[in-house]
Structures are given as C-alpha cells and as structure tokens.
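Report on the following structure.
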Amino acid sequence: MSVSIQALLRFMHMHNASDLHLVSASTPFIRILGDLRTIGAEKLSTDDMLDILRQTASPAQVEQFMASGDLDYAYEVPNMARYRINFYRENNGIAAAFREIPTAIKTLEELGMPRQLQELAMLPKGVVLVTGPTGSGKSTTLAALLNYANTVRRDHIITIEDPIEFLHSSRSCLINQREVGRDTRSFAAALRSALREDPDIILVGEMRDLETISLALEAAETGHLVFATLHTISASKTIDRIIEVFPAGEQQQIRTSLAESIQAVISQTLFKRRDGTGRIPALEILLATPAIRNLIRENKTFQIQSILQTNHSLGMRTLDDDIERLLAASLIEPAAALVHAQNKQRISEAIKKHHGV
C-alpha cells in the first residue's frame, strides 16, 4: 500500500485536528480537542512508515533516523500549514507524531490571554517562561508574544528552536530563526553564539539541560530579554526545576541569579470549551515582584502560591483562580476542572456554587 502523507495531512487539517499519530501495525489516529480518534481501516506497515519518512524528510534526515531511531524536523504543506514531526522506533516498528502549526499567528487576545501579557514583550531584559504539559499551547503563546514585539519594537530577535515551528517575517524588528541540527549543533551552542550576534530578544524553544539554562540566565543578566519554555505545571515548580538542575554546591548562586533575572512565569493548561467550539487556556501567572524575588533567593518557593493568591491587583493568579473564573463563566465542564485543579476541595466547592452539582 502506498500512503500519501499529503492526503492524511489534508484530512487532519479539514477536521481541525491538532495532531496526527502514525504507527506500524495500526490505523492512523488524529487528536481533536484533546481526544484521540482513529481514522480509516487500513493498518500501516513499517514499509509504509519509511515511505512517509522519505516523503517528508531530506535524505540526510532519513539517514540520521536510521542511525539513531529518533528524528525531530519540520515539514510544510504550501498554503495550508507547517508540521512539527517526530519519528521514533517503538515495539511494533516505527511511529510518528505530526503536530500542526498554523501559518497565521494568533494575537494574545485571540488566544484568550489577558491583555497585560503584552507588557512582557516590552521588557528590556530578563527571563519570561511559558510552561505547561505537552500540548498545552506553550509555543503558540510564545509566538503571539514574539509577534507583538515584532510589531511594536525596533530590535533584533533571534529564535533557537528544534525544529522551527511558527515562521516569523521581519516587521518592525529583524528576526533570525535558527534550527537545532540544521543551523546549529545544540541550544547551548546557539545561545553561546547568540551573545555575539547583537540580539535584543532571544527565544529558546526549550530549556532542556544545565548548560542551556545557565546560558539563558547569563543572557538575561547581560541585558537581553529571553523567552523560553519548560515542561512544568506551576510557577513554583518551575522555579524549583531550574534550581534543581544544578549541583547542590551551585544552587544558592543560581537562586540569586534567577531571583535577579526572572520577570514572569506563565503556566498554562488547555481545556475544551463547554460549547465544543475549541479550547481555552487556564493560566497561572507569576510576576517578579520584590516579594517573589526574595522568596526565590531565600529558598522559600513553597510560599509563592500565597503571594499569587494575594496579588490579584498586580495581575497574578493561581491556576485554581483561573479555573474558578472559567467555571463561573460556564466556559468549561466541571469534571475537567476537577481533574486539573491543584486544590480539588476548593474547585469542588466552586462547582457546587456555580453549577449546583
């Protein structure tokens, strides 16, 4: 059987799916509003998967996959969308995940984000982190922030991604986008080089390891605005994760460095809209006030939640604050709210209050 990846991607696009999953010895699956569903009846063979790989990847990338068993890259269908692709070997043979990346970059307002987040794109320096589990929309939020900066600032922006997802064209800013594996060896190598390339804003697709985190903090301390992502589920856990990457003997120094350079942490979770029209984010927002910086410096991150709860007037909020706001507006299902709640008793009471259940 000859499989047309173009046809599968068009089907995925027509049904507003976020992801396409292909696996040897299985029928294809697509993810719509967070749920996986199978499409078609024909099972794919390992030869089909290799054919799809060759349809979308360069010969050098195919060779890399055959040698390593893993491959990340991007693929574009003209006039439709770009795709972030991961091919990997697994028990039944070969599998692949395709994530659709829209060609149009949505604004923060279109994404349902508070307008105040625009201010983060105007900061002169520091670190802004967007965190959350896989599929929570981190890249989309960062693209919106970067697009806003590109519209209103007059600066040099460098992105370091693996692979490049949203394509930005220079508007008021000059934008250079670098892809790990194609344009540079690693995030760390590109960050080290970026410091000599006169950037004002640096986007790091993911802070994966000690060296990348260390260089990102150094860039922020030397007068650059750094945007980055982490796979963490709350503001306090984000701070802890960064510090715990370092050896015990260096952690106090990193606490001090992070306390000085952090500007904001946006932790997000995506919910299905109750009316079935799409998805909506619930956010936890930490803004680096003197009190927050002091808690980081003194290793009291367990107190961060109480600062978020008592500083709504500054724009801070906990995830449960935002979940309750979405419940009160009847935008999300009570059952989903309870699954993602940090304080389940609080959200149970909110469900009774707003929905009588």
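Identifiers for the structure tokens are assigned positionally: chains receive A, B, ... in sequence, residues are indexed from 1 per chain, and ligands are indexed from 1 in the order shown.
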
Any chance you could tabulate, as a tab-separated table, the residues of range 107-170 of chain A at most 12 Å from range 318-323 of chain A with each one's nearest atom pair and distance in Å to one decimal, using only C-alpha atoms, in chain and rising number order?
```
residue	atom	partner	partner_atom	distance
A:Gly112	CA	A:Asp322	CA	11.9
A:Met113	CA	A:Asp322	CA	11.3
A:Pro114	CA	A:Asp322	CA	11.2
A:Gly132	CA	A:Leu319	CA	11.2
```

field: Who sits within 10 Å of Arg37 in chain A, only C-alpha atoms, same chain under 6 positions skipped, as a ChimeraX atom specification
entry: /A:20-21,28-31

statement: For Thr222 in chain A, the closest of A:Asn86, A:Ser261, A:Thr141, A:Ser58 counting only C-alpha atoms is A:Ser261

message: Please return, as a ChimeraX atom specification, all residues of range 40-288 of chain A that DSSP assigns to helix (DSSP H, G or I) on the basis of the backbone.
response: /A:46-56,59-68,115-122,138-152,187-194,210-221,235-244,248-261

- prompt: When DSSP works through the backbone of this structure, what residues of range 68-284 of chain A end up as strand (DSSP E), shown as a PyMOL selection string?
  reply: chain A and resi 70-77+81-90+93-102+126-131+156-161+174-179+201-204+225-230+262-272+279-284

- request: Determine, counting only C-alpha atoms, which protein, DNA and RNA residues have an atom within 12 Å of an atom of Ile347 in chain A; residues of the same chain fewer than 3 positions away are not included. Present the result as a VMD selection string.
  value: chain A and resid 319 to 328 333 to 344 350 to 355 357

Could you dump the residues just selected with N, CA, C and O atoms as an mmCIF file, in the first residue's frame?
```cif
data_model
loop_
_atom_site.group_PDB
_atom_site.id
_atom_site.type_symbol
_atom_site.label_atom_id
_atom_site.label_comp_id
_atom_site.auth_asym_id
_atom_site.auth_seq_id
_atom_site.Cartn_x
_atom_site.Cartn_y
_atom_site.Cartn_z
ATOM 1 N N LEU A 319 -3.511 28.818 39.249
ATOM 2 C CA LEU A 319 -4.272 28.037 38.270
ATOM 3 C C LEU A 319 -5.708 27.842 38.744
ATOM 4 O O LEU A 319 -6.659 27.965 37.971
ATOM 5 N N ASP A 320 -5.884 27.569 40.046
ATOM 6 C CA ASP A 320 -7.242 27.365 40.560
ATOM 7 C C ASP A 320 -8.079 28.637 40.471
ATOM 8 O O ASP A 320 -9.295 28.578 40.259
ATOM 9 N N ASP A 321 -7.457 29.815 40.637
ATOM 10 C CA ASP A 321 -8.183 31.082 40.447
ATOM 11 C C ASP A 321 -8.781 31.128 39.049
ATOM 12 O O ASP A 321 -9.943 31.499 38.853
ATOM 13 N N ASP A 322 -7.971 30.753 38.051
ATOM 14 C CA ASP A 322 -8.423 30.855 36.673
ATOM 15 C C ASP A 322 -9.429 29.765 36.329
ATOM 16 O O ASP A 322 -10.372 29.994 35.578
ATOM 17 N N ILE A 323 -9.224 28.573 36.894
ATOM 18 C CA ILE A 323 -10.205 27.500 36.679
ATOM 19 C C ILE A 323 -11.559 27.923 37.235
ATOM 20 O O ILE A 323 -12.607 27.732 36.594
ATOM 21 N N GLU A 324 -11.559 28.550 38.425
ATOM 22 C CA GLU A 324 -12.834 29.001 39.006
ATOM 23 C C GLU A 324 -13.472 30.090 38.146
ATOM 24 O O GLU A 324 -14.691 30.131 37.980
ATOM 25 N N ARG A 325 -12.637 30.975 37.578
ATOM 26 C CA ARG A 325 -13.175 32.016 36.674
ATOM 27 C C ARG A 325 -13.847 31.379 35.460
ATOM 28 O O ARG A 325 -14.951 31.792 35.059
ATOM 29 N N LEU A 326 -13.245 30.367 34.891
ATOM 30 C CA LEU A 326 -13.818 29.698 33.715
ATOM 31 C C LEU A 326 -15.088 28.933 34.084
ATOM 32 O O LEU A 326 -16.039 28.874 33.301
ATOM 33 N N LEU A 327 -15.102 28.352 35.291
ATOM 34 C CA LEU A 327 -16.311 27.664 35.773
ATOM 35 C C LEU A 327 -17.462 28.645 35.947
ATOM 36 O O LEU A 327 -18.604 28.375 35.547
ATOM 37 N N ALA A 328 -17.165 29.795 36.563
ATOM 38 C CA ALA A 328 -18.208 30.799 36.823
ATOM 39 C C ALA A 328 -18.818 31.305 35.524
ATOM 40 O O ALA A 328 -20.008 31.633 35.474
ATOM 41 N N GLU A 333 -16.218 22.345 31.418
ATOM 42 C CA GLU A 333 -17.003 21.337 32.126
ATOM 43 C C GLU A 333 -16.483 21.163 33.557
ATOM 44 O O GLU A 333 -15.266 21.142 33.787
ATOM 45 N N PRO A 334 -17.383 21.009 34.527
ATOM 46 C CA PRO A 334 -16.950 20.799 35.917
ATOM 47 C C PRO A 334 -16.011 19.614 36.086
ATOM 48 O O PRO A 334 -15.042 19.693 36.842
ATOM 49 N N ALA A 335 -16.268 18.513 35.386
ATOM 50 C CA ALA A 335 -15.419 17.323 35.543
ATOM 51 C C ALA A 335 -13.982 17.614 35.118
ATOM 52 O O ALA A 335 -13.030 17.189 35.785
ATOM 53 N N ALA A 336 -13.819 18.342 34.023
ATOM 54 C CA ALA A 336 -12.469 18.690 33.549
ATOM 55 C C ALA A 336 -11.784 19.635 34.530
ATOM 56 O O ALA A 336 -10.582 19.524 34.781
ATOM 57 N N ALA A 337 -12.558 20.556 35.097
ATOM 58 C CA ALA A 337 -11.999 21.494 36.076
ATOM 59 C C ALA A 337 -11.426 20.735 37.266
ATOM 60 O O ALA A 337 -10.336 21.053 37.760
ATOM 61 N N LEU A 338 -12.142 19.729 37.717
ATOM 62 C CA LEU A 338 -11.714 18.960 38.887
ATOM 63 C C LEU A 338 -10.446 18.162 38.594
ATOM 64 O O LEU A 338 -9.554 18.046 39.447
ATOM 65 N N VAL A 339 -10.339 17.631 37.373
ATOM 66 C CA VAL A 339 -9.161 16.837 37.001
ATOM 67 C C VAL A 339 -7.885 17.674 37.103
ATOM 68 O O VAL A 339 -6.850 17.207 37.594
ATOM 69 N N HIS A 340 -7.938 18.930 36.659
ATOM 70 C CA HIS A 340 -6.738 19.762 36.585
ATOM 71 C C HIS A 340 -6.528 20.659 37.810
ATOM 72 O O HIS A 340 -5.520 21.354 37.898
ATOM 73 N N ALA A 341 -7.457 20.639 38.749
ATOM 74 C CA ALA A 341 -7.353 21.512 39.922
ATOM 75 C C ALA A 341 -6.173 21.130 40.800
ATOM 76 O O ALA A 341 -5.843 19.949 40.949
ATOM 77 N N GLN A 342 -5.534 22.137 41.381
ATOM 78 C CA GLN A 342 -4.475 21.885 42.362
ATOM 79 C C GLN A 342 -5.085 21.634 43.741
ATOM 80 O O GLN A 342 -4.657 20.748 44.468
ATOM 81 N N ASN A 343 -6.099 22.429 44.097
ATOM 82 C CA ASN A 343 -6.829 22.239 45.344
ATOM 83 C C ASN A 343 -8.227 21.729 44.976
ATOM 84 O O ASN A 343 -9.130 22.501 44.671
ATOM 85 N N LYS A 344 -8.394 20.408 44.990
ATOM 86 C CA LYS A 344 -9.632 19.804 44.492
ATOM 87 C C LYS A 344 -10.837 20.144 45.374
ATOM 88 O O LYS A 344 -11.957 20.263 44.877
ATOM 89 N N ALA A 350 -16.451 25.256 44.305
ATOM 90 C CA ALA A 350 -16.777 26.196 43.227
ATOM 91 C C ALA A 350 -17.789 25.585 42.262
ATOM 92 O O ALA A 350 -18.692 26.282 41.769
ATOM 93 N N ILE A 351 -17.673 24.281 42.022
ATOM 94 C CA ILE A 351 -18.626 23.593 41.133
ATOM 95 C C ILE A 351 -20.023 23.631 41.751
ATOM 96 O O ILE A 351 -21.026 23.911 41.073
ATOM 97 N N LYS A 352 -20.097 23.378 43.050
ATOM 98 C CA LYS A 352 -21.404 23.425 43.730
ATOM 99 C C LYS A 352 -21.977 24.833 43.676
ATOM 100 O O LYS A 352 -23.180 25.030 43.456
ATOM 101 N N LYS A 353 -21.120 25.821 43.865
ATOM 102 C CA LYS A 353 -21.564 27.216 43.883
ATOM 103 C C LYS A 353 -22.088 27.650 42.513
ATOM 104 O O LYS A 353 -23.146 28.298 42.418
ATOM 105 N N HIS A 354 -21.348 27.336 41.454
ATOM 106 C CA HIS A 354 -21.682 27.863 40.140
ATOM 107 C C HIS A 354 -22.579 26.929 39.314
ATOM 108 O O HIS A 354 -23.254 27.373 38.385
ATOM 109 N N HIS A 355 -22.576 25.621 39.647
ATOM 110 C CA HIS A 355 -23.332 24.678 38.819
ATOM 111 C C HIS A 355 -24.284 23.816 39.621
ATOM 112 O O HIS A 355 -25.021 23.011 39.061
ATOM 113 N N VAL A 357 -23.765 21.254 41.476
ATOM 114 C CA VAL A 357 -23.514 19.806 41.484
ATOM 115 C C VAL A 357 -22.415 19.465 42.468
ATOM 116 O O VAL A 357 -21.547 20.241 42.709
#
```

task: Tell me, as a VMD selection string, which residues lie within 7 Å of range 123-127 of chain A, counting only C-alpha atoms; anything in the same chain fewer than 2 positions away does not count.
output: chain A and resid 119 to 121 129 220 to 221 223 to 227 261 to 264

Restrict the selected residues to N, CA and C atoms and save them as a tab-separated table (two decimals), in the first residue's frame.
```tsv
chain	number	residue	atom	x	y	z
A	119	GLU	N	2.67	43.42	27.95
A	119	GLU	CA	3.74	44.17	28.62
A	119	GLU	C	5.02	43.35	28.74
A	120	LEU	N	4.88	42.01	28.79
A	120	LEU	CA	6.06	41.16	28.90
A	120	LEU	C	6.92	41.24	27.64
A	121	ALA	N	6.27	41.48	26.51
A	121	ALA	CA	7.02	41.59	25.25
A	121	ALA	C	7.77	42.91	25.14
A	129	LEU	N	9.18	32.88	31.20
A	129	LEU	CA	8.99	31.45	30.94
A	129	LEU	C	7.52	31.14	30.71
A	220	ALA	N	20.16	36.80	30.09
A	220	ALA	CA	19.25	37.74	30.75
A	220	ALA	C	20.02	38.72	31.64
A	221	GLU	N	21.03	38.22	32.33
A	221	GLU	CA	21.81	39.07	33.23
A	221	GLU	C	22.63	40.11	32.47
A	223	GLY	N	21.65	41.78	29.86
A	223	GLY	CA	20.84	42.81	29.22
A	223	GLY	C	19.96	42.37	28.08
A	224	HIS	N	19.68	41.05	27.97
A	224	HIS	CA	18.80	40.55	26.91
A	224	HIS	C	17.48	40.09	27.50
A	225	LEU	N	16.41	40.17	26.69
A	225	LEU	CA	15.12	39.60	27.07
A	225	LEU	C	15.06	38.19	26.50
A	226	VAL	N	14.89	37.20	27.39
A	226	VAL	CA	14.90	35.79	26.99
A	226	VAL	C	13.52	35.18	27.23
A	227	PHE	N	12.93	34.63	26.18
A	227	PHE	CA	11.70	33.85	26.28
A	227	PHE	C	12.07	32.38	26.17
A	261	SER	N	17.01	37.80	37.61
A	261	SER	CA	16.70	37.83	36.18
A	261	SER	C	15.26	37.46	35.83
A	262	ILE	N	14.57	36.69	36.68
A	262	ILE	CA	13.21	36.26	36.32
A	262	ILE	C	12.28	37.46	36.25
A	263	GLN	N	11.43	37.49	35.23
A	263	GLN	CA	10.43	38.54	35.08
A	263	GLN	C	9.01	38.01	35.23
A	264	ALA	N	8.77	36.81	34.69
A	264	ALA	CA	7.42	36.24	34.76
A	264	ALA	C	7.45	34.76	34.44
```

query: Using only C-alpha atoms, which of the listed residues (A:Ala17, A:Leu50, A:Val130, A:Leu287) sits closest to Leu308 in chain A?
result: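 When distances to Leu308 in chain A are compared using only C-alpha atoms, the smallest one comes from A:Leu287.
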
field: Neighbour list for Gln305 in chain A as a ChimeraX atom specification, cut-off 10 Å, only C-alpha atoms, skip fewer than 6 positions in-chain
entry: /A:234-236,284,286,317-319

message: I'd like to know which of A:Ile158, A:Ile285, A:Ala248, A:Leu191 is closest to His312 in chain A, using only C-alpha atoms.
response: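 Between A:Ile158, A:Ile285, A:Ala248, A:Leu191, the residue approaching His312 in chain A most closely is A:Ile285.
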
For Gly205 in chain A: contacts at 9 Å, only C-alpha atoms, fewer than 5 positions along chain excluded, given as a PyMOL selection string: chain A and resi 139+159-164+187+227-230

Those selected residues, please, written with all heavy atoms and delivered as a CSV table (one decimal), in the first residue's frame.
```csv
chain,number,residue,atom,x,y,z
A,139,SER,N,4.1,26.9,22.7
A,139,SER,CA,4.7,27.5,21.5
A,139,SER,C,3.8,28.6,20.9
A,139,SER,O,4.3,29.6,20.4
A,139,SER,CB,5.0,26.4,20.5
A,139,SER,OG,5.9,25.5,21.0
A,159,THR,N,15.6,33.5,17.3
A,159,THR,CA,14.9,32.3,17.9
A,159,THR,C,15.8,31.1,17.7
A,159,THR,O,16.5,30.9,16.7
A,159,THR,CB,13.5,32.0,17.3
A,159,THR,OG1,13.7,31.4,16.0
A,159,THR,CG2,12.8,33.3,17.2
A,160,ILE,N,15.8,30.2,18.7
A,160,ILE,CA,16.6,28.9,18.6
A,160,ILE,C,15.5,27.8,18.9
A,160,ILE,O,15.0,27.7,20.0
A,160,ILE,CB,17.7,28.9,19.7
A,160,ILE,CG1,18.6,30.1,19.5
A,160,ILE,CG2,18.5,27.6,19.5
A,160,ILE,CD1,19.5,30.3,20.8
A,161,GLU,N,15.2,27.0,17.9
A,161,GLU,CA,14.1,26.1,18.0
A,161,GLU,C,14.5,24.7,17.5
A,161,GLU,O,15.4,24.5,16.7
A,161,GLU,CB,12.9,26.6,17.2
A,161,GLU,CG,12.5,28.0,17.7
A,161,GLU,CD,11.4,28.6,16.7
A,161,GLU,OE1,10.3,28.1,16.7
A,161,GLU,OE2,11.8,29.5,15.9
A,162,ASP,N,13.8,23.7,17.9
A,162,ASP,CA,14.1,22.3,17.5
A,162,ASP,C,12.8,21.5,17.3
A,162,ASP,O,12.3,20.9,18.2
A,162,ASP,CB,14.9,21.6,18.5
A,162,ASP,CG,15.3,20.2,18.1
A,162,ASP,OD1,15.2,19.9,16.9
A,162,ASP,OD2,15.7,19.4,19.0
A,163,PRO,N,12.2,21.6,16.1
A,163,PRO,CA,12.5,22.4,14.9
A,163,PRO,C,11.9,23.8,15.0
A,163,PRO,O,11.1,24.1,15.9
A,163,PRO,CB,12.0,21.6,13.8
A,163,PRO,CG,10.7,21.0,14.3
A,163,PRO,CD,11.0,20.7,15.8
A,164,ILE,N,12.1,24.6,14.0
A,164,ILE,CA,11.4,25.9,13.8
A,164,ILE,C,9.9,25.6,13.7
A,164,ILE,O,9.5,24.7,12.8
A,164,ILE,CB,11.9,26.7,12.7
A,164,ILE,CG1,13.3,27.2,13.0
A,164,ILE,CG2,11.0,27.9,12.3
A,164,ILE,CD1,14.0,27.9,11.8
A,187,PHE,N,21.0,23.8,21.4
A,187,PHE,CA,20.5,25.0,22.0
A,187,PHE,C,21.7,25.8,22.7
A,187,PHE,O,21.8,27.0,22.5
A,187,PHE,CB,19.5,24.7,23.1
A,187,PHE,CG,18.1,24.4,22.5
A,187,PHE,CD1,17.6,23.1,22.5
A,187,PHE,CD2,17.3,25.4,22.0
A,187,PHE,CE1,16.4,22.8,22.0
A,187,PHE,CE2,16.1,25.1,21.5
A,187,PHE,CZ,15.6,23.8,21.5
A,227,PHE,N,12.9,34.6,26.2
A,227,PHE,CA,11.7,33.8,26.3
A,227,PHE,C,12.1,32.4,26.2
A,227,PHE,O,12.9,32.0,25.3
A,227,PHE,CB,10.7,34.2,25.1
A,227,PHE,CG,10.1,35.6,25.2
A,227,PHE,CD1,10.5,36.5,24.3
A,227,PHE,CD2,9.2,35.9,26.2
A,227,PHE,CE1,9.9,37.8,24.3
A,227,PHE,CE2,8.6,37.2,26.2
A,227,PHE,CZ,9.0,38.1,25.3
A,228,ALA,N,11.4,31.5,27.0
A,228,ALA,CA,11.7,30.1,26.9
A,228,ALA,C,10.6,29.3,27.4
A,228,ALA,O,9.7,29.8,28.1
A,228,ALA,CB,13.0,29.8,27.7
A,229,THR,N,10.6,28.0,27.2
A,229,THR,CA,9.6,27.1,27.7
A,229,THR,C,10.2,26.0,28.6
A,229,THR,O,11.4,25.7,28.5
A,229,THR,CB,8.8,26.3,26.6
A,229,THR,OG1,9.7,25.4,26.0
A,229,THR,CG2,8.3,27.3,25.6
A,230,LEU,N,9.4,25.5,29.5
A,230,LEU,CA,9.7,24.3,30.4
A,230,LEU,C,8.5,23.5,30.5
A,230,LEU,O,7.3,24.0,30.5
A,230,LEU,CB,10.2,24.8,31.8
A,230,LEU,CG,11.6,25.2,32.0
A,230,LEU,CD1,11.8,25.8,33.4
A,230,LEU,CD2,12.6,24.1,31.8
```
